[in-house]
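Novice: Contents of my_file23.tsv (TSV, C-alpha atoms):
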```
chain	number	residue	atom	x	y	z
A	1	MET	CA	67.56	123.49	86.72
A	2	ASN	CA	66.69	120.15	85.27
A	3	GLN	CA	68.66	120.41	82.04
A	4	THR	CA	71.54	118.07	82.75
A	5	GLY	CA	73.37	116.33	79.94
A	6	SER	CA	72.56	116.40	76.26
A	7	GLY	CA	69.43	115.42	74.30
A	8	GLY	CA	65.72	115.88	75.06
A	9	MET	CA	64.15	115.12	78.39
A	10	HIS	CA	62.90	111.69	77.27
A	11	ASP	CA	66.35	110.66	76.04
A	12	ARG	CA	68.04	111.81	79.23
A	13	LEU	CA	65.38	110.13	81.35
A	14	ARG	CA	65.70	106.85	79.45
A	15	ARG	CA	69.50	106.91	79.74
A	16	ASN	CA	69.42	107.62	83.46
A	17	THR	CA	66.67	105.08	84.13
A	18	LEU	CA	68.73	102.39	82.38
A	19	LYS	CA	71.79	103.45	84.37
A	20	LEU	CA	69.84	103.27	87.63
A	21	MET	CA	68.42	99.88	86.65
A	22	GLY	CA	71.93	98.59	85.91
A	23	TRP	CA	73.29	99.73	89.29
A	24	THR	CA	70.24	98.35	91.11
A	25	VAL	CA	70.65	94.94	89.46
A	26	ALA	CA	74.38	95.02	90.31
A	27	TRP	CA	73.58	95.85	93.95
A	28	VAL	CA	70.96	93.08	94.26
A	29	VAL	CA	73.24	90.48	92.62
A	30	THR	CA	76.24	91.41	94.80
A	31	LEU	CA	74.01	91.36	97.89
A	32	ALA	CA	72.81	87.87	96.95
A	33	ILE	CA	76.42	86.74	96.43
A	34	ALA	CA	77.52	88.23	99.78
A	35	THR	CA	74.53	86.59	101.52
A	36	PHE	CA	74.54	83.14	99.94
A	37	GLY	CA	78.23	82.84	99.04
A	38	PRO	CA	79.34	81.95	102.59
A	39	VAL	CA	76.49	79.44	102.84
A	40	PHE	CA	76.87	77.59	99.51
A	41	LEU	CA	80.12	78.61	97.81
A	42	TRP	CA	82.98	79.35	100.23
A	43	GLU	CA	84.00	79.33	103.89
A	44	SER	CA	86.67	82.04	103.77
A	45	LYS	CA	85.97	85.17	105.79
A	46	ALA	CA	88.25	87.12	103.47
A	47	LEU	CA	86.03	86.22	100.51
A	48	THR	CA	82.93	87.25	102.47
A	49	SER	CA	84.57	90.58	103.36
A	50	GLY	CA	85.50	91.10	99.70
A	51	ALA	CA	81.96	90.29	98.57
A	52	LEU	CA	80.57	92.76	101.11
A	53	LEU	CA	82.97	95.47	99.95
A	54	VAL	CA	81.91	94.91	96.33
A	55	ASN	CA	78.27	95.09	97.47
A	56	LEU	CA	78.90	98.36	99.31
A	57	ALA	CA	80.63	99.79	96.21
A	58	ALA	CA	77.64	98.77	94.06
A	59	GLY	CA	75.37	100.40	96.66
A	60	VAL	CA	77.28	103.67	96.40
A	61	GLY	CA	76.94	103.48	92.61
A	62	MET	CA	73.20	102.87	92.96
A	63	ILE	CA	72.79	105.88	95.29
A	64	ALA	CA	74.70	108.12	92.87
A	65	ALA	CA	72.64	106.81	89.92
A	66	ASN	CA	69.43	107.49	91.86
A	67	LYS	CA	70.54	111.07	92.53
A	68	ASP	CA	71.37	111.53	88.82
A	69	HIS	CA	67.95	110.11	87.97
A	70	LEU	CA	66.22	112.62	90.25
A	71	MET	CA	68.15	115.49	88.68
A	72	VAL	CA	66.83	114.59	85.22
A	73	LEU	CA	63.18	114.63	86.31
A	74	ASP	CA	61.09	117.75	85.79
A	75	GLU	CA	59.56	119.70	88.69
A	76	LEU	CA	56.25	117.81	88.85
A	77	GLN	CA	57.98	114.43	88.70
A	78	ARG	CA	60.32	115.54	91.49
A	79	LYS	CA	57.34	116.64	93.57
A	80	ILE	CA	55.75	113.21	93.13
A	81	GLN	CA	59.05	111.56	94.11
A	82	LEU	CA	59.44	113.84	97.14
A	83	GLU	CA	55.94	113.09	98.42
A	84	ALA	CA	56.45	109.33	97.90
A	85	MET	CA	59.81	109.41	99.68
A	86	ALA	CA	58.29	111.41	102.55
A	87	LEU	CA	55.60	108.74	102.92
A	88	ALA	CA	58.20	105.95	102.79
A	89	LEU	CA	60.41	107.69	105.37
A	90	GLY	CA	57.46	108.31	107.70
A	91	VAL	CA	56.31	104.71	107.42
A	92	ALA	CA	59.90	103.50	108.04
A	93	LEU	CA	60.22	105.61	111.17
A	94	VAL	CA	56.80	104.91	112.68
A	95	ALA	CA	56.46	101.24	111.71
A	96	GLY	CA	60.16	100.52	112.33
A	97	LEU	CA	60.09	101.81	115.90
A	98	ALA	CA	56.73	100.15	116.65
A	99	TYR	CA	58.07	96.86	115.24
A	100	SER	CA	61.26	97.18	117.28
A	101	THR	CA	59.30	97.97	120.45
A	102	ALA	CA	57.00	95.02	119.82
A	103	ASP	CA	60.09	92.80	119.59
A	104	ALA	CA	61.79	94.30	122.67
A	105	THR	CA	58.64	93.86	124.79
A	106	ASN	CA	58.02	90.33	123.43
A	107	LEU	CA	54.67	91.32	121.95
A	108	ILE	CA	55.60	89.36	118.83
A	109	PRO	CA	56.73	85.74	119.18
A	110	PHE	CA	59.69	86.11	116.75
A	111	ASP	CA	62.72	88.35	116.26
A	112	ALA	CA	62.23	91.58	114.29
A	113	GLU	CA	63.72	91.15	110.82
A	114	ILE	CA	64.98	94.10	108.77
A	115	GLY	CA	63.52	92.43	105.65
A	116	PHE	CA	59.96	93.18	106.77
A	117	LEU	CA	60.80	96.84	107.20
A	118	VAL	CA	62.50	97.03	103.79
A	119	PHE	CA	59.44	95.45	102.18
A	120	LEU	CA	57.11	97.87	103.97
A	121	VAL	CA	59.18	100.90	102.92
A	122	CYS	CA	59.25	99.72	99.29
A	123	ALA	CA	55.47	99.16	99.38
A	124	ALA	CA	54.87	102.63	100.90
A	125	TYR	CA	57.12	104.23	98.26
A	126	GLY	CA	55.34	102.37	95.45
A	127	ILE	CA	51.91	103.40	96.78
A	128	GLY	CA	53.15	107.01	97.10
A	129	ILE	CA	54.32	107.05	93.47
A	130	PHE	CA	51.02	105.54	92.29
A	131	LEU	CA	48.93	108.07	94.24
A	132	GLY	CA	51.10	110.96	93.06
A	133	HIS	CA	50.70	110.04	89.42
A	134	ARG	CA	46.96	109.64	89.87
A	135	ARG	CA	46.62	113.01	91.61
A	136	TYR	CA	48.35	114.90	88.80
A	137	GLN	CA	46.83	112.96	85.89
B	138	MET	CA	46.26	129.65	89.47
B	139	LYS	CA	44.53	130.03	86.11
B	140	ASN	CA	46.48	129.92	82.88
B	141	ARG	CA	46.03	130.24	79.11
B	142	LEU	CA	48.46	127.49	78.20
B	143	LYS	CA	45.82	125.32	76.55
B	144	VAL	CA	44.49	128.20	74.44
B	145	LEU	CA	47.98	129.30	73.37
B	146	ARG	CA	48.85	125.73	72.50
B	147	ALA	CA	45.64	125.26	70.52
B	148	GLU	CA	46.29	128.49	68.57
B	149	ARG	CA	49.54	126.93	67.34
B	150	GLU	CA	47.91	123.52	66.85
B	151	TRP	CA	50.49	121.98	69.16
B	152	THR	CA	49.92	118.76	71.06
B	153	GLN	CA	50.74	118.54	74.75
B	154	ALA	CA	53.70	116.39	73.79
B	155	ARG	CA	55.03	119.11	71.45
B	156	LEU	CA	54.68	121.80	74.10
B	157	ALA	CA	56.33	119.50	76.65
B	158	GLU	CA	59.26	119.05	74.27
B	159	GLU	CA	59.54	122.80	73.70
B	160	LEU	CA	59.58	123.47	77.46
B	161	ASP	CA	61.74	120.43	78.27
B	162	VAL	CA	59.25	118.89	80.69
B	163	SER	CA	57.06	115.78	80.63
B	164	ARG	CA	53.65	115.68	78.93
B	165	GLN	CA	52.13	114.87	82.33
B	166	THR	CA	53.45	118.19	83.66
B	167	ILE	CA	51.86	120.15	80.80
B	168	ASN	CA	48.57	118.34	81.37
B	169	ALA	CA	48.66	119.03	85.12
B	170	ILE	CA	49.42	122.74	84.56
B	171	GLU	CA	46.66	123.10	81.96
B	172	LYS	CA	44.14	121.50	84.34
B	173	GLY	CA	45.26	123.77	87.18
B	174	LYS	CA	46.42	120.82	89.29
B	175	PHE	CA	50.02	121.98	89.40
B	176	ASP	CA	51.53	125.47	89.49
B	177	PRO	CA	54.80	125.78	87.55
B	178	SER	CA	57.97	127.18	89.07
B	179	LEU	CA	59.07	130.69	88.13
B	180	PRO	CA	61.82	129.44	85.76
B	181	LEU	CA	59.29	127.23	83.91
B	182	ALA	CA	56.78	130.11	83.75
B	183	PHE	CA	59.53	132.31	82.26
B	184	ARG	CA	60.35	129.63	79.68
B	185	ALA	CA	56.68	129.43	78.70
B	186	ALA	CA	56.47	133.24	78.45
B	187	ARG	CA	59.60	133.34	76.28
B	188	LEU	CA	58.28	130.56	74.07
B	189	PHE	CA	54.98	132.32	73.38
B	190	GLY	CA	56.50	135.81	73.26
B	191	LEU	CA	54.28	137.02	76.11
B	192	THR	CA	54.74	138.15	79.70
B	193	ILE	CA	54.14	135.74	82.57
B	194	GLU	CA	51.05	137.74	83.60
B	195	GLN	CA	49.57	137.30	80.12
B	196	ILE	CA	49.75	133.51	80.54
B	197	PHE	CA	49.26	132.94	84.27
B	198	GLN	CA	46.69	134.71	86.45
B	199	ASP	CA	46.40	134.49	90.21
B	200	GLU	CA	42.99	133.34	91.47
B	201	VAL	CA	42.01	135.68	94.33
```
With the file now loaded, output its structure as structure tokens.
Specialist:
Amino acid sequence: MNQTGSGGMHDRLRRNTLKLMGWTVAWVVTLAIATFGPVFLWESKALTSGALLVNLAAGVGMIAANKDHLMVLDELQRKIQLEAMALALGVALVAGLAYSTADATNLIPFDAEIGFLVFLVCAAYGIGIFLGHRRYQ
Amino acid sequence: MKNRLKVLRAEREWTQARLAEELDVSRQTINAIEKGKFDPSLPLAFRAARLFGLTIEQIFQDEV
């Protein structure tokens, strides 16, 4: 069932959304530190490893917070999330493999970057959420 | 699936937000059920039936 924790649905949703936001910010900040730290701040591989470990830990926290967030949603909201995630996963699989093949066969004049795929998946997920909310308005 | 949720809510002069609070779901979910765009799960249908003191069949009717 969706009744997890105390308080009304709105209170629980707000609490979990804030928690998810906090973990997401922590993950992005630690990723930025792990990426740019070795370039601008230090040269030690041990520090880079430590920064990556902290980033992975923040990522685990973000995944757990996302799961908690999904558990608080009601059945229609979960359905919207499921359909959006299915779209994002499908786009990731189809576009990711096509992009990789285009790189391997030198159809594109540059190396395939994971960043493009991440952006595409986020865009597909966002569009899926938007369409879902519109459909059930 | 047809339902009498809107009528039952109106009889009690409840807003969608009030009914959503009573059933522990979002207002969007109540709106979607009332418009027939979304069919509730069995547990949610039971909660609605309990809330209005009716059977599930008295609130929700299959469209065949």
Novice: Compare B:Ala147, B:Arg184, B:Ser163, B:Leu191 by their minimum atom-to-atom distance to chain A, counting all atoms listed in the file, and give me the closest one.
Specialist: B:Ser163
Novice: Using only C-alpha atoms, which residues of chain A come within 8 Å of chain B, and what is the closest atom pair for each, with the distance in Å to one decimal? Give it as a tab-separated table, sorted by chain and residue number.
Specialist:
```
residue	atom	partner	partner_atom	distance
A:Gln3	CA	B:Asp161	CA	7.9
A:Gly8	CA	B:Asp161	CA	6.8
A:Met9	CA	B:Asp161	CA	5.8
A:His10	CA	B:Ser163	CA	7.9
A:Asp74	CA	B:Val162	CA	5.5
A:Glu75	CA	B:Ser178	CA	7.7
A:Leu76	CA	B:Thr166	CA	5.9
A:Gln77	CA	B:Thr166	CA	7.7
A:Tyr136	CA	B:Ala169	CA	5.5
A:Gln137	CA	B:Ala169	CA	6.4
```
Novice: Would you write out those residues with C-alpha atoms, as a PDB file, keeping the file's coordinate frame?
Specialist:
```pdb
ATOM      1  CA  GLN A   3      68.660 120.410  82.040  1.00  0.00           C
ATOM      2  CA  GLY A   8      65.720 115.880  75.060  1.00  0.00           C
ATOM      3  CA  MET A   9      64.150 115.120  78.390  1.00  0.00           C
ATOM      4  CA  HIS A  10      62.900 111.690  77.270  1.00  0.00           C
ATOM      5  CA  ASP A  74      61.090 117.750  85.790  1.00  0.00           C
ATOM      6  CA  GLU A  75      59.560 119.700  88.690  1.00  0.00           C
ATOM      7  CA  LEU A  76      56.250 117.810  88.850  1.00  0.00           C
ATOM      8  CA  GLN A  77      57.980 114.430  88.700  1.00  0.00           C
ATOM      9  CA  TYR A 136      48.350 114.900  88.800  1.00  0.00           C
ATOM     10  CA  GLN A 137      46.830 112.960  85.890  1.00  0.00           C
TER      11      GLN A 137
END
```
Novice: Just the number, please: distance in Å from atom CA of Asp68 of chain A to atom CA of Gln81 of chain A, one decimal.
Specialist: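 Calculated distance between atom CA of Asp68 of chain A and atom CA of Gln81 of chain A is 13.4 Å.
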Novice: Do a neighbour search on segment 112-120 of chain A at 7 Å with all atoms listed in the file, toss out local chain neighbours closer than 6 positions, and write the hits as a VMD selection string.
Specialist: chain A and resid 92 96 99 to 100 103
Novice: Just want the 12 Å neighbourhood of Gly22 of chain A, counted on all atoms listed in the file, with same-chain residues fewer than 2 positions away dropped. Output as a list in words.
Specialist: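 The residues satisfying every condition are Arg15, Asn16, Thr17, Leu18, Lys19, Leu20, Thr24, Val25, Ala26, Trp27, Val28, Val29, Ala58, Gly59, Gly61, Met62, Ile63, Ala65 and Asn66 of chain A.
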Novice: For the atom pair atom CA of Ala34 of chain A and atom CA of Gly50 of chain A, what is the interatomic distance in Å to one decimal place?
Specialist: 8.5 Å
Novice: Can you work out the spacing between atom CA of Glu171 of chain B and atom CA of Leu73 of chain A in Å, to one decimal?
Specialist: 19.1 Å
Novice: May I have the protein, DNA and RNA residues with any atom at most 10 Å from the point (57.3, 109.2, 101.5), counting all atoms listed in the file, written as JSON, numbers by chain?
Specialist: {"A": [80, 81, 82, 83, 84, 85, 86, 87, 88, 89, 90, 91, 92, 121, 122, 124, 125, 126, 127, 128, 129]}
Novice: Give as a list in words each residue that has an atom at most 12 Å from (48.3, 130.7, 70.1) in the file, counting all atoms listed in the file.
Specialist: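 Within 12 Å of (48.3, 130.7, 70.1), the protein and nucleic acid residues are Arg141, Leu142, Lys143, Val144, Leu145, Arg146, Ala147, Glu148, Arg149, Glu150, Trp151, Leu156, Ala186, Leu188, Phe189, Gly190, Leu191 and Ile196 of chain B.
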Novice: Near Leu52 of chain A, counting all atoms listed in the file, which residues have an atom at most 8 Å away, once you skip same-chain residues fewer than 2 positions from it, shown as a PDB file with C-alpha atoms, in the coordinates of the input?
Specialist:
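The resulting file, around10.pdb, is shown below:
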```pdb
ATOM      1  CA  THR A  30      76.240  91.410  94.800  1.00  0.00           C
ATOM      2  CA  LEU A  31      74.010  91.360  97.890  1.00  0.00           C
ATOM      3  CA  ALA A  34      77.520  88.230  99.780  1.00  0.00           C
ATOM      4  CA  THR A  48      82.930  87.250 102.470  1.00  0.00           C
ATOM      5  CA  SER A  49      84.570  90.580 103.360  1.00  0.00           C
ATOM      6  CA  GLY A  50      85.500  91.100  99.700  1.00  0.00           C
ATOM      7  CA  VAL A  54      81.910  94.910  96.330  1.00  0.00           C
ATOM      8  CA  ASN A  55      78.270  95.090  97.470  1.00  0.00           C
ATOM      9  CA  LEU A  56      78.900  98.360  99.310  1.00  0.00           C
TER      10      LEU A  56
END
```
Novice: Is there a way to complete segment 165-200 of chain B with N, CA and C atoms and then write that out as a JSON list (two decimals), in the frame of the given file?
Specialist:
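Below you can see out.json, which holds the result:
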```
[["chain", "number", "residue", "atom", "x", "y", "z"],
["B", 165, "GLN", "N", 52.96, 114.89, 81.12],
["B", 165, "GLN", "CA", 52.13, 114.87, 82.33],
["B", 165, "GLN", "C", 52.16, 116.23, 83.03],
["B", 166, "THR", "N", 53.31, 116.87, 83.01],
["B", 166, "THR", "CA", 53.45, 118.19, 83.66],
["B", 166, "THR", "C", 52.61, 119.23, 82.92],
["B", 167, "ILE", "N", 52.67, 119.21, 81.59],
["B", 167, "ILE", "CA", 51.86, 120.15, 80.80],
["B", 167, "ILE", "C", 50.37, 119.93, 81.09],
["B", 168, "ASN", "N", 49.98, 118.67, 81.10],
["B", 168, "ASN", "CA", 48.57, 118.34, 81.37],
["B", 168, "ASN", "C", 48.14, 118.83, 82.75],
["B", 169, "ALA", "N", 48.99, 118.61, 83.75],
["B", 169, "ALA", "CA", 48.66, 119.03, 85.12],
["B", 169, "ALA", "C", 48.57, 120.56, 85.23],
["B", 170, "ILE", "N", 49.45, 121.27, 84.52],
["B", 170, "ILE", "CA", 49.42, 122.74, 84.56],
["B", 170, "ILE", "C", 48.15, 123.24, 83.87],
["B", 171, "GLU", "N", 47.85, 122.67, 82.71],
["B", 171, "GLU", "CA", 46.66, 123.10, 81.96],
["B", 171, "GLU", "C", 45.38, 122.88, 82.78],
["B", 172, "LYS", "N", 45.33, 121.80, 83.53],
["B", 172, "LYS", "CA", 44.14, 121.50, 84.34],
["B", 172, "LYS", "C", 44.13, 122.25, 85.67],
["B", 173, "GLY", "N", 45.19, 123.01, 85.94],
["B", 173, "GLY", "CA", 45.26, 123.77, 87.18],
["B", 173, "GLY", "C", 45.58, 122.92, 88.40],
["B", 174, "LYS", "N", 46.09, 121.70, 88.16],
["B", 174, "LYS", "CA", 46.42, 120.82, 89.29],
["B", 174, "LYS", "C", 47.82, 121.07, 89.81],
["B", 175, "PHE", "N", 48.63, 121.74, 89.01],
["B", 175, "PHE", "CA", 50.02, 121.98, 89.40],
["B", 175, "PHE", "C", 50.45, 123.37, 88.93],
["B", 176, "ASP", "N", 51.02, 124.14, 89.84],
["B", 176, "ASP", "CA", 51.53, 125.47, 89.49],
["B", 176, "ASP", "C", 53.01, 125.37, 89.13],
["B", 177, "PRO", "N", 53.39, 125.89, 87.96],
["B", 177, "PRO", "CA", 54.80, 125.78, 87.55],
["B", 177, "PRO", "C", 55.70, 126.68, 88.39],
["B", 178, "SER", "N", 56.98, 126.33, 88.39],
["B", 178, "SER", "CA", 57.97, 127.18, 89.07],
["B", 178, "SER", "C", 58.16, 128.45, 88.25],
["B", 179, "LEU", "N", 58.81, 129.44, 88.84],
["B", 179, "LEU", "CA", 59.07, 130.69, 88.13],
["B", 179, "LEU", "C", 59.94, 130.47, 86.88],
["B", 180, "PRO", "N", 61.02, 129.68, 86.98],
["B", 180, "PRO", "CA", 61.82, 129.44, 85.76],
["B", 180, "PRO", "C", 61.00, 128.82, 84.62],
["B", 181, "LEU", "N", 60.11, 127.86, 84.96],
["B", 181, "LEU", "CA", 59.29, 127.23, 83.91],
["B", 181, "LEU", "C", 58.28, 128.24, 83.35],
["B", 182, "ALA", "N", 57.72, 129.08, 84.21],
["B", 182, "ALA", "CA", 56.78, 130.11, 83.75],
["B", 182, "ALA", "C", 57.50, 131.09, 82.81],
["B", 183, "PHE", "N", 58.74, 131.43, 83.13],
["B", 183, "PHE", "CA", 59.53, 132.31, 82.26],
["B", 183, "PHE", "C", 59.81, 131.65, 80.91],
["B", 184, "ARG", "N", 60.10, 130.35, 80.94],
["B", 184, "ARG", "CA", 60.35, 129.63, 79.68],
["B", 184, "ARG", "C", 59.12, 129.64, 78.80],
["B", 185, "ALA", "N", 57.94, 129.43, 79.44],
["B", 185, "ALA", "CA", 56.68, 129.43, 78.70],
["B", 185, "ALA", "C", 56.43, 130.83, 78.11],
["B", 186, "ALA", "N", 56.68, 131.85, 78.91],
["B", 186, "ALA", "CA", 56.47, 133.24, 78.45],
["B", 186, "ALA", "C", 57.39, 133.54, 77.26],
["B", 187, "ARG", "N", 58.63, 133.12, 77.36],
["B", 187, "ARG", "CA", 59.60, 133.34, 76.28],
["B", 187, "ARG", "C", 59.16, 132.59, 75.02],
["B", 188, "LEU", "N", 58.69, 131.38, 75.21],
["B", 188, "LEU", "CA", 58.28, 130.56, 74.07],
["B", 188, "LEU", "C", 57.12, 131.19, 73.30],
["B", 189, "PHE", "N", 56.15, 131.74, 74.03],
["B", 189, "PHE", "CA", 54.98, 132.32, 73.38],
["B", 189, "PHE", "C", 55.14, 133.82, 73.10],
["B", 190, "GLY", "N", 56.26, 134.39, 73.49],
["B", 190, "GLY", "CA", 56.50, 135.81, 73.26],
["B", 190, "GLY", "C", 55.55, 136.70, 74.05],
["B", 191, "LEU", "N", 55.21, 136.26, 75.25],
["B", 191, "LEU", "CA", 54.28, 137.02, 76.11],
["B", 191, "LEU", "C", 54.93, 137.24, 77.48],
["B", 192, "THR", "N", 54.25, 138.03, 78.32],
["B", 192, "THR", "CA", 54.74, 138.15, 79.70],
["B", 192, "THR", "C", 54.11, 137.03, 80.52],
["B", 193, "ILE", "N", 54.69, 136.79, 81.69],
["B", 193, "ILE", "CA", 54.14, 135.74, 82.57],
["B", 193, "ILE", "C", 52.68, 136.05, 82.94],
["B", 194, "GLU", "N", 52.41, 137.34, 83.20],
["B", 194, "GLU", "CA", 51.05, 137.74, 83.60],
["B", 194, "GLU", "C", 50.04, 137.51, 82.50],
["B", 195, "GLN", "N", 50.50, 137.53, 81.24],
["B", 195, "GLN", "CA", 49.57, 137.30, 80.12],
["B", 195, "GLN", "C", 49.23, 135.81, 79.99],
["B", 196, "ILE", "N", 50.01, 134.96, 80.61],
["B", 196, "ILE", "CA", 49.75, 133.51, 80.54],
["B", 196, "ILE", "C", 49.14, 132.99, 81.85],
["B", 197, "PHE", "N", 49.70, 133.45, 82.96],
["B", 197, "PHE", "CA", 49.26, 132.94, 84.27],
["B", 197, "PHE", "C", 48.58, 134.05, 85.07],
["B", 198, "GLN", "N", 47.41, 133.74, 85.61],
["B", 198, "GLN", "CA", 46.69, 134.71, 86.45],
["B", 198, "GLN", "C", 46.41, 134.11, 87.82],
["B", 199, "ASP", "N", 46.66, 134.93, 88.84],
["B", 199, "ASP", "CA", 46.40, 134.49, 90.21],
["B", 199, "ASP", "C", 44.89, 134.45, 90.44],
["B", 200, "GLU", "N", 44.42, 133.45, 91.16],
["B", 200, "GLU", "CA", 42.99, 133.34, 91.47],
["B", 200, "GLU", "C", 42.77, 133.87, 92.88]]
```
